[in-house]
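**Student:** My questions all concern the structure below.
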There are 2 protein chains.
Amino acid sequence: MYYIRENAKAILEENVAKYNRFKELNLKLDMSRGKPCVEQLDLTNGIFDVFSSKDIPIGSQDYRNYGIIDGIPEAKELFGALCGVEKDEIMVLGNSSLTIMYDTLQRAMQFGVDGNLPFNKQEKIKWLCPVPGYDRHFAITELFGIEMINVPMLNDGPDMNVIEEYVENDSAVKGVWCVPKYSNPQGIVYSDETVIRFAKLKPAANDFRIYWDNAYMVHHLGKDVPLLNLLQEAKKYGNEDMVYMFGSTSKISFSGSGIAFMCASKHNIDSLKKLMFFQMIGPDKIAQYAHVKFFGSVENLLKHMDKQAELLKPKFKVVSDVLNKELKELCQWVEPRGGYFFGVDLPTGTAKRTVELCKEAGVVLTEAGATYPYKNDPNDTSIRIAPSMPSIDDLTKAMEVFACCVKIAWAEKEVEKE
Amino acid sequence: MYYIRENAKAILEENVAKYNRFKELNLKLDMSRGKPCVEQLDLTNGIFDVFSSKDIPIGSQDYRNYGIIDGIPEAKELFGALCGVEKDEIMVLGNSSLTIMYDTLQRAMQFGVDGNLPFNKQEKIKWLCPVPGYDRHFAITELFGIEMINVPMLNDGPDMNVIEEYVENDSAVKGVWCVPKYSNPQGIVYSDETVIRFAKLKPAANDFRIYWDNAYMVHHLGKDVPLLNLLQEAKKYGNEDMVYMFGSTSKISFSGSGIAFMCASKHNIDSLKKLMFFQMIGPDKIAQYAHVKFFGSVENLLKHMDKQAELLKPKFKVVSDVLNKELKELCQWVEPRGGYFFGVDLPTGTAKRTVELCKEAGVVLTEAGATYPYKNDPNDTSIRIAPSMPSIDDLTKAMEVFACCVKIAWAEKEVEKE
């Protein structure tokens with residue numbers, strides 16, 4: 001049956017009947033959380049076994065003691081190589097890149113960026129937000145009272161015409177949130193052209209920075225899709241101070257006990273460290289050392305990520321199969337090439353209703369609108385599906401419920417229009 | 001020879017001769033850093049041996065995964081018991097209490113304390129600073145442009161008449177830094193009366209908070225000197241929301257890889273967590289679990305601290321012996337009953353010169369004035385000695401140099417006056 005208005009009533013009836021049978025199953029399924037599953041975490045368990053007391057270097061720099069504010073040299077070397085930067089272009093810090101981003105922005109608010117006026121003392125601050133995007137990014141800028149501007153995501157990254165227009169003409173625009181590789185939630189990789197256009201920006205504001213959250217840099221599902229190195233590209237145009245790059249092992253090793261890092265020009269790092277001094281003595285160097293011992297090299301780390309991909313691929317396939325089989329006519333999405341999510345566009349005005357229907361049937365989805373600034377998805381269309389946590393069986397069941405709910409939400413609306 | 005003006009010339013000559021012999025030794029000694037020594041850190045090495053992959057609880061809350069913003073229940077229980085608070089009165093967080101203090105104050109600056117106007121938007125903010133005190137505290141308040149007011153330390157804590165006068169009459173006074181037990185640098189323990197007077201304060205400002213940095217809560221050198229529990233005392237006067245208490249295992253387990261915590265009323269904790277959400281996903285729960293496994297109970301933790309004391313006691317004795325033998329006439333100090341430092345008052349106007357002389361002879365002391373806000377010790381008298389890091393031999397030599405330099409600095413000044 002085609003999904004056209006004439007068929008809406010029949011489709012509604014059929015799917016409500018199906019839906020009621022789902023409800024009788026008392027399901028408790030969760031596709032909302034971008035968390036690794038137990039089996040993925042198990043891959044890192046060995047981190048405690050390759051590492052014992054006698055391994056901790058004790059020399060002029062005892063890693064058990066205070067100090068080394070920007071991370072141990074071994075960790076800078078490993079993660080610097082991973083990120084394609086020099087050792088004076090990286091700081092290896094605590095267990096969360098979200099915290100580094102928050103702290104960096106809070107410092108900009110309170111003290112200003114590299115000698116410029118604190119954001120708190122400037123008239124108005126604006127931020128560009130490619131949508132759909134990561135809710136925790138938007139939550140930070142909203143908290144600070146920064147005006148967020150939606151920028152549409154295209155298949156190769158944010159619409160660069162919009163980005164250039166704002167950044168180069170409005171000096172109130174101080175930043176942009178980017179997840180450039182396997183983006184959250186669509187799994188899109190920014191094209192070379194997109195990265196180069198970012199690198200070439202001529203910002204109206206001195207204190208404009210690109211917040212480049214490379215959270216999924218090695219989180220391919222099939223073949224790795226290469227991403228140009230923004231910091232290196234920016235150097236070609238004398239723009240290296242415009243770039244902050246962030247990353248972590250939260251979805252490489254343990255999500256709560258990983259290592260986070262920030263890459264930037266030497267000038268920016270020096271400028272940031274001066275203020276970081278007041279907030280911290282140093283990161284957990286033993287956790288850093290454990291990671292260095294466990295992974296050993298970029299090559300090994302990539303092999304480890306192949307194992308992660310093997311665990312995730314069948315789950316992404318379940319989602320893809322159901323979407324292709326059931327929802328091709330109603331929904332739009334990009335097949336994610338990595339990362340943790342599917343970003344799915346439902347028929348206009350049905351996302352909230354779909355999430356609500358799913359919830360009533362025991363299937364938790366990420367809140368509708370969560371992927372937009374102010375949780376306001378103007379077309380009520382965007383849904384984020386997180387396949388990593390549930391088992392294949394649970395996921396299959398949950399996706400069936402989801403497909404059924406999308407159809408009901410669409411049909412309800414069509415019937416209403418009659 | 002008595003240290004009176006008549007003898008100054010002779011004392012100067014004698015000690016300059018001695019000093020020149022010290023210089024020929026090309027010493028490289030450091031009494032500046034409040035860091036544990038290698039042997040102290042070795043006490044915790046076992047933390048990796050009691051702990052392996054299979055120990056990590058995996059259940060509804062997998063400690064390897066994201067989440068639990070305020071710490072794992074086992075850690076709240078252990079450190080809550082240590083601090084004498086309930087499990088809803090403690091958050092167990094990252095590796096640094098300094099970071100918790102900084103973040104708490106930064107939140108007060110940006111967002112205000114518990115619904116009050118952000119400090120950033122208030123006319124003027126003042127902070128009480130018992131002196132001598134901890135340089136890293138003062139550095140934070142100075143960074144935020146907060147006006148710091150010196151409060152003299154007495155033998156049983158800060159001068160409470162001064163504290164009460166300011167707190168109860170000046171609504172610009174929003175906080176006070178305290179190290180209530182084995183204070184930095186003097187090793188003073190606040191008396192019951194002092195703690196009770198803190199607990200009873202009637203602040204002019206709603207958003208006044210006591211920053212109670214109980215960094216050395218179990219760091220006795222001989223018999224433990226008990227300290228009243230400020231949060232529990234404050235409850236008696238309905239003042240529990242006035243208190244933030246901080247602590248960490250930085251000088252219990254590993255200095256860079258310990259566990260830090262914050263205790264406060266349930267109301268304050270709830271209020272703080274709402275904002276913390278934007279900055280963090282959760283602390284390193286595996287590090288927390290390792291600490292719980294390693295220490296097991298408060299009783300074991302205290303036994304561990306007895307071992308730390310055994311390592312520190314002979315070092316503190318060296319300092320005490322030299323002070324008593326050589327500098328009784330010239331200096332004043334309190335015998336520290338715990339903690340990491342001696343606070344020594346030199347003759348007025350000689351602290352800077354003494355540090356300079358020591359440095360030239362290869363002995364590094366904490367910068368003179370460091371224990372005062374703005375690094376401004378008005379009488380140039382206060383010196384902090386940190387005996388923990390050097391070996392007994394090095395410390396003995398360093399203290400001999402120190403005594404010689406104090407005498408020279410005093411004698412130079414006396415001779416000048418003639």
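Residues in the structure tokens are numbered from 1 in each chain, the chains being A, B, ... in the order shown, and ligands are numbered from 1 in the order shown.
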Could you work out which residues of chain A fall inside 6 Å of chain B? Count only C-alpha atoms, and format the result as a PDB file with C-alpha atoms, in the first residue's frame.
**Tutor:**
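Printed below is iface.pdb as written:
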ATOM      1  CA  ASN A  45      39.163  -4.938  30.165  1.00  0.00           C
ATOM      2  CA  PHE A  48      44.152  -3.523  34.062  1.00  0.00           C
ATOM      3  CA  SER A  52      50.798  -3.114  37.505  1.00  0.00           C
ATOM      4  CA  SER A  53      52.485  -1.122  40.244  1.00  0.00           C
ATOM      5  CA  ARG A  64      51.893   9.127  40.717  1.00  0.00           C
ATOM      6  CA  ASN A  65      52.602  12.625  42.020  1.00  0.00           C
ATOM      7  CA  TYR A  66      51.273  16.107  41.269  1.00  0.00           C
ATOM      8  CA  THR A  99      34.300  18.967  30.060  1.00  0.00           C
ATOM      9  CA  TYR A 102      32.651  23.442  28.506  1.00  0.00           C
ATOM     10  CA  ILE A 140      26.216  24.439  26.890  1.00  0.00           C
ATOM     11  CA  PHE A 254      35.942   3.064  28.776  1.00  0.00           C
ATOM     12  CA  SER A 255      33.261   5.729  28.467  1.00  0.00           C
ATOM     13  CA  GLY A 256      33.594   7.022  32.014  1.00  0.00           C
ATOM     14  CA  SER A 257      37.290   6.312  32.431  1.00  0.00           C
ATOM     15  CA  PHE A 278      44.215  28.155  38.245  1.00  0.00           C
ATOM     16  CA  GLN A 279      41.713  25.335  37.807  1.00  0.00           C
ATOM     17  CA  MET A 280      43.884  22.255  37.940  1.00  0.00           C
ATOM     18  CA  ASP A 284      45.207  11.621  36.097  1.00  0.00           C
TER      19      ASP A 284
END
**Student:** Applying 10 Å and only C-alpha atoms, which residues near Asn379 of chain A remain after dropping the ones on its own chain fewer than 5 positions away? List them as an mmCIF file with N, CA, C and O atoms, in the first residue's frame.
**Tutor:**
data_model
loop_
_atom_site.group_PDB
_atom_site.id
_atom_site.type_symbol
_atom_site.label_atom_id
_atom_site.label_comp_id
_atom_site.auth_asym_id
_atom_site.auth_seq_id
_atom_site.Cartn_x
_atom_site.Cartn_y
_atom_site.Cartn_z
ATOM 1 N N ASP A 345 14.837 11.631 9.266
ATOM 2 C CA ASP A 345 13.805 12.657 9.107
ATOM 3 C C ASP A 345 12.462 11.995 8.836
ATOM 4 O O ASP A 345 12.285 11.306 7.824
ATOM 5 N N LEU A 346 11.513 12.214 9.744
ATOM 6 C CA LEU A 346 10.166 11.675 9.586
ATOM 7 C C LEU A 346 9.322 12.677 8.799
ATOM 8 O O LEU A 346 9.751 13.810 8.552
ATOM 9 N N PRO A 347 8.109 12.290 8.427
ATOM 10 C CA PRO A 347 7.216 13.267 7.797
ATOM 11 C C PRO A 347 7.040 14.478 8.728
ATOM 12 O O PRO A 347 6.982 14.318 9.951
ATOM 13 N N THR A 348 6.961 15.650 8.140
ATOM 14 C CA THR A 348 6.844 16.894 8.911
ATOM 15 C C THR A 348 5.757 16.791 9.988
ATOM 16 O O THR A 348 4.654 16.315 9.715
ATOM 17 N N GLY A 349 6.109 17.236 11.184
ATOM 18 C CA GLY A 349 5.114 17.308 12.256
ATOM 19 C C GLY A 349 4.780 15.986 12.913
ATOM 20 O O GLY A 349 3.753 15.866 13.598
ATOM 21 N N THR A 350 5.634 14.976 12.747
ATOM 22 C CA THR A 350 5.287 13.673 13.346
ATOM 23 C C THR A 350 6.345 13.138 14.317
ATOM 24 O O THR A 350 6.150 12.076 14.921
ATOM 25 N N ALA A 351 7.447 13.860 14.509
ATOM 26 C CA ALA A 351 8.529 13.300 15.327
ATOM 27 C C ALA A 351 8.098 13.164 16.791
ATOM 28 O O ALA A 351 8.268 12.106 17.410
ATOM 29 N N GLY A 369 13.321 16.611 18.942
ATOM 30 C CA GLY A 369 13.803 17.987 19.068
ATOM 31 C C GLY A 369 15.156 18.094 19.740
ATOM 32 O O GLY A 369 15.798 19.140 19.678
#
**Student:** List the neighbours of Ile210 of chain A out to 6 Å using only C-alpha atoms; skip same-chain residues closer than 2 positions along the sequence, and give me the result as an mmCIF file with all heavy atoms, in the first residue's frame.
**Tutor:**
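Output contents, as saved in selection-v7.cif:
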data_model
loop_
_atom_site.group_PDB
_atom_site.id
_atom_site.type_symbol
_atom_site.label_atom_id
_atom_site.label_comp_id
_atom_site.auth_asym_id
_atom_site.auth_seq_id
_atom_site.Cartn_x
_atom_site.Cartn_y
_atom_site.Cartn_z
ATOM 1 N N GLY A 175 31.604 31.368 17.406
ATOM 2 C CA GLY A 175 31.942 29.958 17.362
ATOM 3 C C GLY A 175 30.965 29.148 16.547
ATOM 4 O O GLY A 175 29.904 29.635 16.139
ATOM 5 N N VAL A 176 31.375 27.911 16.303
ATOM 6 C CA VAL A 176 30.510 26.949 15.607
ATOM 7 C C VAL A 176 30.803 25.571 16.190
ATOM 8 O O VAL A 176 31.950 25.227 16.460
ATOM 9 C CB VAL A 176 30.754 26.988 14.074
ATOM 10 C CG1 VAL A 176 32.230 26.806 13.734
ATOM 11 C CG2 VAL A 176 29.930 25.919 13.344
ATOM 12 N N TRP A 212 35.745 21.973 16.998
ATOM 13 C CA TRP A 212 35.792 20.809 16.098
ATOM 14 C C TRP A 212 35.820 19.545 16.957
ATOM 15 O O TRP A 212 36.871 19.116 17.391
ATOM 16 C CB TRP A 212 37.071 20.952 15.274
ATOM 17 C CG TRP A 212 37.244 20.171 14.016
ATOM 18 C CD1 TRP A 212 38.086 19.100 13.845
ATOM 19 C CD2 TRP A 212 36.669 20.421 12.725
ATOM 20 N NE1 TRP A 212 38.058 18.688 12.540
ATOM 21 C CE2 TRP A 212 37.194 19.478 11.822
ATOM 22 C CE3 TRP A 212 35.762 21.369 12.244
ATOM 23 C CZ2 TRP A 212 36.845 19.437 10.473
ATOM 24 C CZ3 TRP A 212 35.409 21.333 10.912
ATOM 25 C CH2 TRP A 212 35.940 20.379 10.038
ATOM 26 N N VAL A 243 41.231 27.442 15.309
ATOM 27 C CA VAL A 243 40.772 26.052 15.411
ATOM 28 C C VAL A 243 41.011 25.447 16.798
ATOM 29 O O VAL A 243 42.127 25.487 17.317
ATOM 30 C CB VAL A 243 41.536 25.184 14.385
ATOM 31 C CG1 VAL A 243 41.148 23.728 14.508
ATOM 32 C CG2 VAL A 243 41.319 25.713 12.974
ATOM 33 N N TYR A 244 39.963 24.913 17.416
ATOM 34 C CA TYR A 244 40.101 24.034 18.581
ATOM 35 C C TYR A 244 39.584 22.655 18.173
ATOM 36 O O TYR A 244 38.438 22.533 17.747
ATOM 37 C CB TYR A 244 39.238 24.504 19.755
ATOM 38 C CG TYR A 244 39.578 25.826 20.402
ATOM 39 C CD1 TYR A 244 38.566 26.563 21.037
ATOM 40 C CD2 TYR A 244 40.871 26.329 20.441
ATOM 41 C CE1 TYR A 244 38.836 27.760 21.677
ATOM 42 C CE2 TYR A 244 41.151 27.536 21.083
ATOM 43 C CZ TYR A 244 40.132 28.250 21.693
ATOM 44 O OH TYR A 244 40.400 29.434 22.328
#
**Student:** Please provide the set of residues having any atom within 10 Å of Lys413 of chain B, restricted to only C-alpha atoms, with same-chain residues fewer than 2 positions apart removed, written as a list of chain:residue names.
**Tutor:** B:Arg5, B:Ala8, B:Leu12, B:Pro347, B:Thr348, B:Gly349, B:Thr350, B:Arg353, B:Lys407, B:Ile408, B:Ala409, B:Trp410, B:Ala411, B:Val415, B:Glu416, B:Lys417, B:Glu418
**Student:** Can you pull out the residues contacting Asn15 of chain B? Cut-off 9 Å, using only C-alpha atoms, and skip same-chain residues under 3 positions away; I want them as a PyMOL selection string.
**Tutor:** chain B and resi 10-12+18-20+404-405+407-408
**Student:** For the residues in that selection, give me N, CA and C atoms as a CSV table (one decimal), in the first residue's frame.
**Tutor:**
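Result file part_27.csv:
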chain,number,residue,atom,x,y,z
B,10,ALA,N,79.3,40.8,64.1
B,10,ALA,CA,80.0,39.6,64.3
B,10,ALA,C,79.2,38.4,63.8
B,11,ILE,N,77.9,38.4,64.0
B,11,ILE,CA,77.0,37.4,63.5
B,11,ILE,C,77.0,37.3,62.0
B,12,LEU,N,77.0,38.5,61.4
B,12,LEU,CA,77.0,38.6,60.0
B,12,LEU,C,78.3,38.0,59.4
B,18,LYS,N,80.3,31.0,56.8
B,18,LYS,CA,79.6,29.7,56.7
B,18,LYS,C,78.9,29.6,55.4
B,19,TYR,N,78.2,30.6,55.0
B,19,TYR,CA,77.4,30.7,53.8
B,19,TYR,C,78.3,30.4,52.6
B,20,ASN,N,79.4,31.0,52.6
B,20,ASN,CA,80.3,30.8,51.4
B,20,ASN,C,80.8,29.4,51.3
B,404,CYS,N,71.3,29.6,58.5
B,404,CYS,CA,72.4,30.5,58.2
B,404,CYS,C,71.9,31.8,57.5
B,405,CYS,N,71.0,31.6,56.5
B,405,CYS,CA,70.5,32.7,55.7
B,405,CYS,C,69.6,33.6,56.5
B,407,LYS,N,69.9,34.2,59.6
B,407,LYS,CA,70.8,35.0,60.5
B,407,LYS,C,71.4,36.1,59.7
B,408,ILE,N,71.9,35.8,58.5
B,408,ILE,CA,72.5,36.8,57.6
B,408,ILE,C,71.5,37.9,57.3
**Student:** Can you measure atom CA of Ala361 of chain A to atom CA of Glu335 of chain A for me? One decimal in Å is fine.
**Tutor:**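 If I compute the distance from atom CA of Ala361 of chain A to atom CA of Glu335 of chain A, I get 26.4 Å.
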**Student:** Could you state the separation of atom CA of Pro158 of chain A and atom CA of Gln186 of chain A in Å, given to one decimal place?
**Tutor:**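 Interatomic distance, atom CA of Pro158 of chain A to atom CA of Gln186 of chain A: 11.7 Å.
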**Student:** Smallest atom-to-atom distance to Val225 of chain A: which of A:Glu193, A:Ser248, A:Pro130, A:Gly339, using only C-alpha atoms?
**Tutor:**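 Checking each candidate against Val225 of chain A, we get A:Gly339 as the closest.
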**Student:** What's around Pro152 of chain A at 9 Å? Count only C-alpha atoms, leave out sequence neighbours fewer than 3 positions away in its own chain, and write the answer as a ChimeraX atom specification.
**Tutor:** /A:129-132,157-159,162
**Student:** Would you put the residues from that selection into a file with C-alpha atoms, as a JSON list (two decimals), in the first residue's frame?
**Tutor:**
[["chain", "number", "residue", "atom", "x", "y", "z"],
["A", 129, "CYS", "CA", 24.83, 25.17, 15.15],
["A", 130, "PRO", "CA", 24.68, 22.75, 12.25],
["A", 131, "VAL", "CA", 21.39, 20.85, 12.65],
["A", 132, "PRO", "CA", 20.62, 18.21, 13.51],
["A", 157, "GLY", "CA", 28.76, 18.83, 6.07],
["A", 158, "PRO", "CA", 27.09, 22.08, 7.10],
["A", 159, "ASP", "CA", 25.92, 24.46, 4.38],
["A", 162, "VAL", "CA", 25.51, 29.97, 5.43]]
**Student:** Residues within 12 Å of Leu301 of chain A, please, as an MDAnalysis selection string. Count only C-alpha atoms; anything in the same chain fewer than 4 positions from it doesn't count.
**Tutor:** chainID A and resid 43:44 78:79 81:82 217:219 249 251:253 291:297 305:308
**Student:** In segment 126-156 of chain A, what's strand (DSSP E) per DSSP? Answer as a ChimeraX atom specification?
**Tutor:** /A:126-131,147-154
**Student:** What gap, in Å, lies between atom CA of Ala309 of chain B and atom CA of Ser183 of chain B?
**Tutor:**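 Result for atom CA of Ala309 of chain B versus atom CA of Ser183 of chain B: 16.1 Å, one decimal.
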**Student:** Could you pull out the alpha helix (DSSP H) residues of segment 147-384 of chain A, going by DSSP on the backbone, and write them as a ChimeraX atom specification?
**Tutor:** /A:160-169,192-199,230-235,266-279,285-295,298-326,351-360
**Student:** Could you tell me which of A:Met245, A:Ala234, A:Ile4, A:Cys178 comes closest to Val92 of chain A if we count only C-alpha atoms?
**Tutor:**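 That would be A:Met245, the residue with the smallest distance to Val92 of chain A.
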